[in-house]
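With mmCIF, C-alpha atoms inside, this is upload.cif:
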```
data_data
#
loop_
_atom_site.label_atom_id
_atom_site.label_comp_id
_atom_site.auth_asym_id
_atom_site.auth_seq_id
_atom_site.Cartn_x
_atom_site.Cartn_y
_atom_site.Cartn_z
CA MET A 1 77.29 -1.80 -1.42
CA PRO A 2 79.08 -3.43 -4.38
CA ALA A 3 76.84 -4.51 -7.25
CA GLN A 4 78.15 -8.07 -7.08
CA ASN A 5 76.99 -8.45 -3.50
CA LYS A 6 73.59 -7.07 -4.37
CA ASP A 7 73.41 -9.83 -6.98
CA HIS A 8 74.29 -12.40 -4.34
CA LYS A 9 71.57 -11.07 -2.09
CA LYS A 10 69.13 -11.30 -4.99
CA LYS A 11 70.24 -14.89 -5.45
CA TYR A 12 69.50 -15.60 -1.79
CA GLU A 13 66.13 -13.90 -2.07
CA LYS A 14 65.19 -16.29 -4.86
CA LYS A 15 66.23 -19.28 -2.77
CA ARG A 16 63.61 -18.90 -0.09
CA GLY A 17 62.65 -22.32 1.12
CA GLN A 18 62.06 -24.11 4.35
CA PHE A 19 65.06 -26.44 4.22
CA LEU A 20 67.66 -24.12 2.75
CA SER A 21 70.78 -23.44 4.73
CA VAL A 22 70.71 -19.72 3.94
CA SER A 23 67.57 -17.63 3.53
CA TYR A 24 67.67 -13.91 2.84
CA ILE A 25 64.70 -12.14 4.45
CA PRO A 26 62.95 -15.42 5.34
CA LYS A 27 59.17 -15.40 5.42
CA ASN A 28 57.23 -16.43 8.52
CA LEU A 29 60.29 -16.53 10.77
CA LYS A 30 59.75 -15.41 14.33
CA PHE A 31 61.92 -16.05 17.34
CA GLU A 32 61.81 -15.71 21.10
CA ASN A 33 62.38 -12.16 22.39
CA GLN A 34 62.07 -10.64 18.92
CA GLU A 35 61.14 -6.99 19.11
CA ASP A 36 58.12 -5.72 17.16
CA GLU A 37 60.13 -3.52 14.82
CA GLU A 38 62.99 -5.97 14.41
CA LYS A 39 63.31 -7.37 10.89
CA VAL A 40 64.97 -10.71 10.19
CA LEU A 41 67.45 -10.37 7.34
CA LEU A 42 69.25 -13.68 7.29
CA LEU A 43 68.58 -17.18 8.48
CA LEU A 44 71.68 -19.36 8.47
CA ARG A 45 72.13 -23.00 9.24
CA ARG A 46 74.84 -25.52 8.50
CA HIS A 47 75.32 -26.49 4.87
CA PRO A 48 73.10 -29.50 4.00
CA ILE A 49 76.16 -31.54 3.00
CA THR A 50 77.24 -31.60 6.68
CA ASN A 51 74.32 -33.99 7.23
CA ILE A 52 75.87 -36.65 5.02
CA GLY A 53 77.48 -38.53 7.96
CA TRP A 54 74.27 -39.33 9.83
CA ILE A 55 72.37 -39.94 6.58
CA ILE A 56 74.89 -42.63 5.56
CA ILE A 57 74.73 -44.17 9.07
CA SER A 58 70.91 -44.20 8.86
CA VAL A 59 70.87 -45.81 5.41
CA ILE A 60 73.34 -48.50 6.56
CA GLY A 61 71.19 -48.97 9.67
CA LEU A 62 68.08 -49.44 7.54
CA MET A 63 69.86 -52.05 5.41
CA LEU A 64 71.47 -53.87 8.35
CA PRO A 65 68.64 -56.41 8.92
CA TYR A 66 68.98 -57.43 5.24
CA ILE A 67 72.80 -57.48 5.46
CA ILE A 68 72.88 -59.81 8.47
CA GLU A 69 70.06 -62.02 7.18
CA PRO A 70 72.42 -64.55 5.47
CA LEU A 71 74.29 -64.96 8.76
CA ASN A 72 71.08 -66.37 10.32
CA LEU A 73 71.79 -64.61 13.60
CA LEU A 74 68.14 -63.78 14.22
CA SER A 75 66.97 -67.28 13.31
CA LEU A 76 68.21 -68.46 16.72
CA LEU A 77 65.30 -66.52 18.22
CA PRO A 78 61.56 -67.28 17.95
CA GLY A 79 59.69 -65.47 15.17
CA SER A 80 57.94 -63.07 17.57
CA TYR A 81 61.27 -61.92 19.00
CA GLN A 82 62.69 -61.48 15.49
CA PHE A 83 59.74 -59.26 14.56
CA VAL A 84 59.94 -57.10 17.70
CA LEU A 85 63.73 -56.73 17.48
CA VAL A 86 63.60 -55.63 13.83
CA ALA A 87 60.73 -53.21 14.57
CA PHE A 88 62.65 -51.79 17.52
CA TRP A 89 65.78 -51.46 15.38
CA TYR A 90 63.91 -49.46 12.71
CA LEU A 91 62.42 -47.29 15.46
CA LEU A 92 65.93 -46.58 16.80
CA ILE A 93 67.08 -45.54 13.32
CA PHE A 94 64.01 -43.32 12.97
CA GLY A 95 64.71 -41.70 16.36
CA TYR A 96 68.39 -41.20 15.56
CA SER A 97 67.61 -39.59 12.18
CA LEU A 98 64.89 -37.39 13.69
CA GLU A 99 67.21 -36.19 16.45
CA LYS A 100 69.99 -35.35 13.98
CA PHE A 101 67.56 -33.56 11.66
CA LEU A 102 66.11 -31.53 14.55
CA GLN A 103 69.61 -30.47 15.61
CA TRP A 104 70.40 -29.30 12.09
CA TYR A 105 67.07 -27.65 11.42
CA PHE A 106 66.78 -25.69 14.66
CA SER A 107 70.45 -24.84 15.33
CA VAL A 108 70.46 -21.61 13.37
CA ASN A 109 71.95 -18.17 13.32
CA VAL A 110 69.60 -15.28 12.78
CA VAL A 111 70.74 -11.88 11.60
CA THR A 112 68.29 -9.05 12.13
CA ASP A 113 68.65 -5.34 11.45
CA GLU A 114 69.51 -4.90 15.15
CA ARG A 115 71.48 -7.96 16.26
CA ILE A 116 72.77 -11.42 15.56
CA VAL A 117 71.33 -14.36 17.46
CA ASP A 118 72.85 -17.82 17.76
CA PHE A 119 70.47 -20.70 18.59
CA ASP A 120 72.20 -23.91 19.63
CA PHE A 121 70.52 -27.24 20.23
CA HIS A 122 73.51 -29.57 20.49
CA HIS A 123 71.54 -32.51 21.79
CA ILE A 124 68.08 -33.30 23.01
CA THR A 125 68.34 -31.57 26.40
CA PHE A 126 70.57 -28.65 25.52
CA LYS A 127 69.46 -25.19 24.44
CA GLN A 128 71.66 -22.11 24.22
CA VAL A 129 70.67 -18.74 22.81
CA THR A 130 73.35 -16.06 22.45
CA ASP A 131 72.93 -12.65 20.92
CA ALA A 132 74.98 -9.54 20.23
CA ASN A 133 73.91 -6.17 18.92
CA ILE A 134 75.13 -5.23 15.46
CA ASP A 135 76.79 -2.07 16.83
CA LYS A 136 78.88 -4.28 19.15
CA ILE A 137 80.44 -6.15 16.23
CA GLN A 138 84.13 -5.39 16.01
CA ASP A 139 85.34 -7.74 13.36
CA VAL A 140 83.99 -10.42 11.04
CA THR A 141 86.28 -13.11 9.68
CA TYR A 142 85.52 -16.29 7.84
CA LYS A 143 87.41 -19.40 6.86
CA VAL A 144 86.76 -22.10 4.29
CA SER A 145 88.83 -25.20 4.95
CA GLY A 146 89.07 -28.82 3.88
CA VAL A 147 88.32 -30.50 0.58
CA VAL A 148 84.56 -30.77 1.16
CA GLY A 149 84.32 -27.20 2.47
CA THR A 150 86.17 -25.82 -0.53
CA PHE A 151 84.21 -27.94 -3.00
CA PHE A 152 80.79 -26.96 -1.61
CA ASN A 153 81.94 -23.47 -0.55
CA TYR A 154 80.96 -23.46 3.08
CA GLY A 155 82.88 -22.40 6.14
CA ASP A 156 82.87 -20.87 9.60
CA ILE A 157 82.29 -17.21 10.33
CA LEU A 158 83.78 -15.68 13.46
CA VAL A 159 82.10 -12.54 14.73
CA GLN A 160 84.13 -10.71 17.35
CA THR A 161 82.03 -8.45 19.52
CA ALA A 162 82.51 -5.92 22.29
CA SER A 163 79.69 -7.46 24.30
CA GLU A 164 79.97 -9.88 27.24
CA ILE A 165 80.27 -12.84 24.91
CA PRO A 166 83.35 -11.91 22.91
CA ASN A 167 82.89 -14.27 19.97
CA LEU A 168 79.97 -15.69 18.06
CA GLU A 169 80.70 -18.45 15.62
CA PHE A 170 78.53 -19.48 12.69
CA HIS A 171 79.49 -23.01 11.70
CA SER A 172 79.59 -24.49 8.18
CA VAL A 173 77.65 -21.65 6.57
CA ALA A 174 77.17 -21.73 2.78
CA ASN A 175 78.84 -18.87 0.89
CA PRO A 176 80.49 -17.43 4.02
CA GLU A 177 82.01 -14.54 2.06
CA ILE A 178 78.56 -13.17 1.23
CA VAL A 179 77.32 -13.58 4.79
CA ALA A 180 80.45 -11.89 6.18
CA ASP A 181 79.96 -9.08 3.68
CA ILE A 182 76.32 -8.61 4.70
CA LEU A 183 77.38 -8.48 8.36
CA GLN A 184 80.03 -5.88 7.54
CA ASP A 185 77.44 -3.83 5.62
CA LEU A 186 75.05 -3.97 8.58
CA ARG A 187 77.80 -2.91 10.95
CA ILE A 188 78.66 0.10 8.79
CA GLU A 189 74.97 0.96 8.41
CA GLU A 190 74.55 0.79 12.20
CA GLU A 191 77.57 3.05 12.72
CA ILE A 192 76.13 5.60 10.30
CA GLU A 193 72.79 5.42 12.13
CA LYS A 194 74.61 5.95 15.41
CA LEU A 195 76.43 9.00 14.02
CA GLU A 196 73.20 10.41 12.67
CA GLY A 197 71.42 9.71 15.95
CA ARG A 198 68.85 7.41 14.31
CA LEU A 199 69.66 4.37 16.46
CA ARG A 200 66.64 2.52 17.93
CA MET B 1 65.49 -77.66 32.32
CA ASP B 2 62.09 -76.42 31.06
CA VAL B 3 61.73 -74.19 34.11
CA ILE B 4 65.13 -72.56 33.40
CA GLU B 5 64.24 -72.07 29.74
CA THR B 6 60.82 -70.59 30.55
CA THR B 7 62.33 -68.27 33.16
CA GLY B 8 64.94 -67.21 30.62
CA TRP B 9 62.29 -66.20 28.08
CA ILE B 10 60.30 -64.36 30.75
CA VAL B 11 63.43 -62.41 31.73
CA ALA B 12 64.07 -61.64 28.04
CA GLN B 13 60.48 -60.43 27.60
CA VAL B 14 60.65 -58.21 30.72
CA PHE B 15 63.96 -56.82 29.48
CA MET B 16 62.44 -56.04 26.07
CA VAL B 17 59.39 -54.38 27.65
CA ILE B 18 61.62 -52.21 29.88
CA LEU B 19 63.73 -51.21 26.85
CA ALA B 20 60.63 -50.34 24.81
CA VAL B 21 59.11 -48.31 27.67
CA LEU B 22 62.40 -46.43 28.14
CA TYR B 23 62.42 -45.68 24.43
CA MET B 24 58.86 -44.40 24.64
CA VAL B 25 59.96 -42.05 27.44
CA PHE B 26 62.73 -40.83 25.13
CA ALA B 27 60.14 -40.26 22.38
CA GLY B 28 58.14 -38.19 24.88
CA VAL B 29 61.24 -36.11 25.64
CA VAL B 30 61.65 -35.54 21.89
CA ILE B 31 58.08 -34.15 21.78
CA LYS B 32 58.91 -31.83 24.68
CA GLN B 33 62.12 -30.72 22.99
CA VAL B 34 60.35 -30.08 19.67
CA ASN B 35 57.84 -27.91 21.54
CA ILE B 36 60.73 -25.92 23.08
CA MET B 37 62.37 -25.60 19.66
CA THR B 38 59.20 -24.43 17.92
CA THR B 39 58.50 -21.95 20.73
CA THR B 40 62.04 -20.58 20.47
CA LEU B 41 61.94 -20.41 16.69
CA THR B 42 58.84 -20.26 14.55
CA LEU B 43 59.88 -21.79 11.24
CA SER B 44 57.79 -22.73 8.24
CA ALA B 45 58.16 -26.50 8.74
CA GLY B 46 57.46 -26.34 12.49
CA LYS B 47 54.07 -28.06 12.25
CA MET B 48 55.44 -30.83 10.05
CA VAL B 49 58.32 -31.45 12.48
CA LYS B 50 55.83 -31.65 15.37
CA ALA B 51 53.73 -34.16 13.41
CA ILE B 52 56.81 -36.34 12.73
CA ALA B 53 57.73 -36.28 16.44
CA TRP B 54 54.18 -37.43 17.31
CA VAL B 55 54.39 -40.24 14.72
CA HIS B 56 57.68 -41.26 16.37
CA LEU B 57 55.96 -41.42 19.78
CA LEU B 58 53.05 -43.39 18.31
CA LEU B 59 55.45 -45.94 16.79
CA ALA B 60 57.28 -46.22 20.12
CA PHE B 61 53.93 -46.90 21.81
CA LEU B 62 53.10 -49.58 19.22
CA VAL B 63 56.44 -51.29 19.88
CA VAL B 64 55.66 -51.33 23.61
CA ILE B 65 52.28 -52.91 22.86
CA ALA B 66 53.97 -55.41 20.52
CA THR B 67 56.51 -56.44 23.16
CA ILE B 68 53.70 -57.01 25.69
CA LEU B 69 51.26 -58.80 23.38
CA ILE B 70 53.43 -60.67 20.86
CA LEU B 71 56.32 -61.87 23.03
#
```
Show how you would write the structure in this file as structure tokens.
Amino acid sequence: MPAQNKDHKKKYEKKRGQFLSVSYIPKNLKFENQEDEEKVLLLLRRHPITNIGWIIISVIGLMLPYIIEPLNLLSLLPGSYQFVLVAFWYLLIFGYSLEKFLQWYFSVNVVTDERIVDFDFHHITFKQVTDANIDKIQDVTYKVSGVVGTFFNYGDILVQTASEIPNLEFHSVANPEIVADILQDLRIEEEIEKLEGRLR
Amino acid sequence: MDVIETTGWIVAQVFMVILAVLYMVFAGVVIKQVNIMTTTLTLSAGKMVKAIAWVHLLLAFLVVIATILIL
């Protein structure tokens, strides 16, 4: 493994935290169907900057009652209705923000020493879990595109596998080159283990 | 004229109560979904996220109460 990549991994190790988009060997992480001997190496989620859209919408939503106040739209209603409508509006904004945060926080990719697992929670009633063994990985490619992606250095990683699900995609991952490199390293390690007959 | 106006406000109140109750159902679904998420993935902030979802449901309940009592 190149020394530079080891440095990157050290950098990830230092960045352990509950809201980080990339955690190297995260503490206290367990997932459904995890085997006893299986070690989690990487926890990946979308770069925090991808949340900016819903955060801006939420902030504007929070300010909206103050913005429309000079227009006296609510003054047409009795005071009790004004109070309930504003309270309901703030509750809607809270629910919207919570839903978006949950999607970001729980839609993760987990890389273990045995496989990669993709957890998707696109909306409130949708759950999809996809996994592929490391030894089934055929190719790992990544792309960084767009002004924001280039500036914050995040991008998509495409993992082509020989399993039933041909492709696994990690979206908007920070430092995709390091993650792709770690995946390549794991694949090589797994191949060596297979050759030496050490495979679990 | 008064009868029409009174009926109008009653309809508005019923509409608001129905909306608030529907939102409370949604808040309940969020709790259920958070439970599924935390069962699928045990993350360090799982308990905090659960607590926030319960606060959300509590606020939704308070809005239902407000629409019934205040309006």
Point (58.4, -32.7, 18.2), cut-off 8 Å, counting all atoms listed in the file, residues as a PyMOL selection string: chain B and resi 30-35+49-54
Resolved residues for the PyMOL selection byres ((chain A) within 8 of (chain B)) as a PyMOL selection string: chain A and resi 18+27-32+80-81+84+87-88+91+94-95+98-99+102+106+124-125
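Distance-wise, CA of Ala180 in chain A and CA of Ile55 in chain A end up 29.2 Å apart.
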Selection as a ChimeraX atom specification: residues within 12 Å of (63.7, -52.6, 9.4), counting all atoms listed in the file: /A:58-69,82-94
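When the PyMOL selection byres ((chain A and resi 35) around 12) is evaluated on the file shown here, the picked residues come out as Lys30, Phe31, Glu32, Asn33, Gln34, Asp36, Glu37, Glu38, Lys39, Val40, Thr112, Asp113, Glu114, Arg115 and Arg200 of chain A.
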Shell around Leu41 in chain A at 9 Å using all atoms listed in the file, local window under 5 positions removed, as a list in words: Ser23, Tyr24, Ile25, Pro26, Val110, Val111, Thr112 and Asp113 of chain A
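Nearest-residue note for Glu189 in chain A: choosing from A:Asp156, A:Asp120, A:Asp135, A:Glu169, the minimum distance belongs to A:Asp135, counting all atoms listed in the file.
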Between CA of Gly28 in chain B and CA of Ile68 in chain B, distance in Å (one decimal):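 Separation between CA of Gly28 in chain B and CA of Ile68 in chain B: 19.4 Å.
The closest residue to Asp181 in chain A, picked from A:Leu42, A:Val140, A:Lys100, A:Thr150 and counting only C-alpha atoms, is A:Val140.
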Pairwise distance for CA of Val179 in chain A and CA of Phe121 in chain A, rounded to one decimal in Å: 21.7 Å
Given the PyMOL selection byres ((chain A and resi 159) around 8), the residues it picks as number ranges by chain: A: 137-141, 157-158, 160-161, 167-169
Could you please fill out range 46-64 of chain B with N, CA, C and O atoms and send it back as a PDB file, in the coordinates of the input?
```pdb
ATOM      1  N   GLY B  46      57.656 -26.011  11.074  1.00  0.00           N
ATOM      2  CA  GLY B  46      57.460 -26.340  12.490  1.00  0.00           C
ATOM      3  C   GLY B  46      56.358 -27.358  12.727  1.00  0.00           C
ATOM      4  O   GLY B  46      56.538 -28.317  13.478  1.00  0.00           O
ATOM      5  N   LYS B  47      55.208 -27.161  12.052  1.00  0.00           N
ATOM      6  CA  LYS B  47      54.070 -28.060  12.250  1.00  0.00           C
ATOM      7  C   LYS B  47      54.382 -29.472  11.764  1.00  0.00           C
ATOM      8  O   LYS B  47      54.016 -30.464  12.379  1.00  0.00           O
ATOM      9  N   MET B  48      55.089 -29.531  10.626  1.00  0.00           N
ATOM     10  CA  MET B  48      55.440 -30.830  10.050  1.00  0.00           C
ATOM     11  C   MET B  48      56.385 -31.586  11.000  1.00  0.00           C
ATOM     12  O   MET B  48      56.234 -32.789  11.222  1.00  0.00           O
ATOM     13  N   VAL B  49      57.349 -30.851  11.556  1.00  0.00           N
ATOM     14  CA  VAL B  49      58.320 -31.450  12.480  1.00  0.00           C
ATOM     15  C   VAL B  49      57.589 -31.986  13.714  1.00  0.00           C
ATOM     16  O   VAL B  49      57.870 -33.095  14.190  1.00  0.00           O
ATOM     17  N   LYS B  50      56.621 -31.204  14.214  1.00  0.00           N
ATOM     18  CA  LYS B  50      55.830 -31.650  15.370  1.00  0.00           C
ATOM     19  C   LYS B  50      55.085 -32.946  15.043  1.00  0.00           C
ATOM     20  O   LYS B  50      55.053 -33.870  15.837  1.00  0.00           O
ATOM     21  N   ALA B  51      54.493 -32.975  13.838  1.00  0.00           N
ATOM     22  CA  ALA B  51      53.730 -34.160  13.410  1.00  0.00           C
ATOM     23  C   ALA B  51      54.648 -35.390  13.353  1.00  0.00           C
ATOM     24  O   ALA B  51      54.267 -36.476  13.807  1.00  0.00           O
ATOM     25  N   ILE B  52      55.863 -35.210  12.829  1.00  0.00           N
ATOM     26  CA  ILE B  52      56.810 -36.340  12.730  1.00  0.00           C
ATOM     27  C   ILE B  52      57.176 -36.839  14.137  1.00  0.00           C
ATOM     28  O   ILE B  52      57.261 -38.042  14.379  1.00  0.00           O
ATOM     29  N   ALA B  53      57.378 -35.893  15.058  1.00  0.00           N
ATOM     30  CA  ALA B  53      57.730 -36.280  16.440  1.00  0.00           C
ATOM     31  C   ALA B  53      56.587 -37.069  17.080  1.00  0.00           C
ATOM     32  O   ALA B  53      56.829 -38.039  17.811  1.00  0.00           O
ATOM     33  N   TRP B  54      55.339 -36.687  16.774  1.00  0.00           N
ATOM     34  CA  TRP B  54      54.180 -37.430  17.310  1.00  0.00           C
ATOM     35  C   TRP B  54      54.072 -38.824  16.690  1.00  0.00           C
ATOM     36  O   TRP B  54      53.722 -39.786  17.361  1.00  0.00           O
ATOM     37  N   VAL B  55      54.389 -38.922  15.386  1.00  0.00           N
ATOM     38  CA  VAL B  55      54.390 -40.240  14.720  1.00  0.00           C
ATOM     39  C   VAL B  55      55.440 -41.141  15.383  1.00  0.00           C
ATOM     40  O   VAL B  55      55.203 -42.330  15.643  1.00  0.00           O
ATOM     41  N   HIS B  56      56.596 -40.543  15.701  1.00  0.00           N
ATOM     42  CA  HIS B  56      57.680 -41.260  16.370  1.00  0.00           C
ATOM     43  C   HIS B  56      57.197 -41.820  17.717  1.00  0.00           C
ATOM     44  O   HIS B  56      57.440 -42.994  18.043  1.00  0.00           O
ATOM     45  N   LEU B  57      56.481 -40.985  18.473  1.00  0.00           N
ATOM     46  CA  LEU B  57      55.960 -41.420  19.780  1.00  0.00           C
ATOM     47  C   LEU B  57      54.917 -42.524  19.600  1.00  0.00           C
ATOM     48  O   LEU B  57      54.923 -43.507  20.350  1.00  0.00           O
ATOM     49  N   LEU B  58      54.071 -42.379  18.582  1.00  0.00           N
ATOM     50  CA  LEU B  58      53.050 -43.390  18.310  1.00  0.00           C
ATOM     51  C   LEU B  58      53.696 -44.739  17.984  1.00  0.00           C
ATOM     52  O   LEU B  58      53.273 -45.787  18.496  1.00  0.00           O
ATOM     53  N   LEU B  59      54.751 -44.706  17.152  1.00  0.00           N
ATOM     54  CA  LEU B  59      55.450 -45.940  16.790  1.00  0.00           C
ATOM     55  C   LEU B  59      56.104 -46.571  18.023  1.00  0.00           C
ATOM     56  O   LEU B  59      56.095 -47.801  18.182  1.00  0.00           O
ATOM     57  N   ALA B  60      56.664 -45.718  18.886  1.00  0.00           N
ATOM     58  CA  ALA B  60      57.280 -46.220  20.120  1.00  0.00           C
ATOM     59  C   ALA B  60      56.231 -46.908  20.992  1.00  0.00           C
ATOM     60  O   ALA B  60      56.482 -47.966  21.574  1.00  0.00           O
ATOM     61  N   PHE B  61      55.037 -46.313  21.035  1.00  0.00           N
ATOM     62  CA  PHE B  61      53.930 -46.900  21.810  1.00  0.00           C
ATOM     63  C   PHE B  61      53.530 -48.254  21.217  1.00  0.00           C
ATOM     64  O   PHE B  61      53.307 -49.222  21.947  1.00  0.00           O
ATOM     65  N   LEU B  62      53.472 -48.318  19.881  1.00  0.00           N
ATOM     66  CA  LEU B  62      53.100 -49.580  19.220  1.00  0.00           C
ATOM     67  C   LEU B  62      54.124 -50.678  19.499  1.00  0.00           C
ATOM     68  O   LEU B  62      53.766 -51.850  19.662  1.00  0.00           O
ATOM     69  N   VAL B  63      55.400 -50.299  19.572  1.00  0.00           N
ATOM     70  CA  VAL B  63      56.440 -51.290  19.880  1.00  0.00           C
ATOM     71  C   VAL B  63      56.274 -51.800  21.315  1.00  0.00           C
ATOM     72  O   VAL B  63      56.443 -52.992  21.575  1.00  0.00           O
ATOM     73  N   VAL B  64      55.913 -50.893  22.223  1.00  0.00           N
ATOM     74  CA  VAL B  64      55.660 -51.330  23.610  1.00  0.00           C
ATOM     75  C   VAL B  64      54.512 -52.336  23.636  1.00  0.00           C
ATOM     76  O   VAL B  64      54.619 -53.404  24.253  1.00  0.00           O
TER      77      VAL B  64
END
```
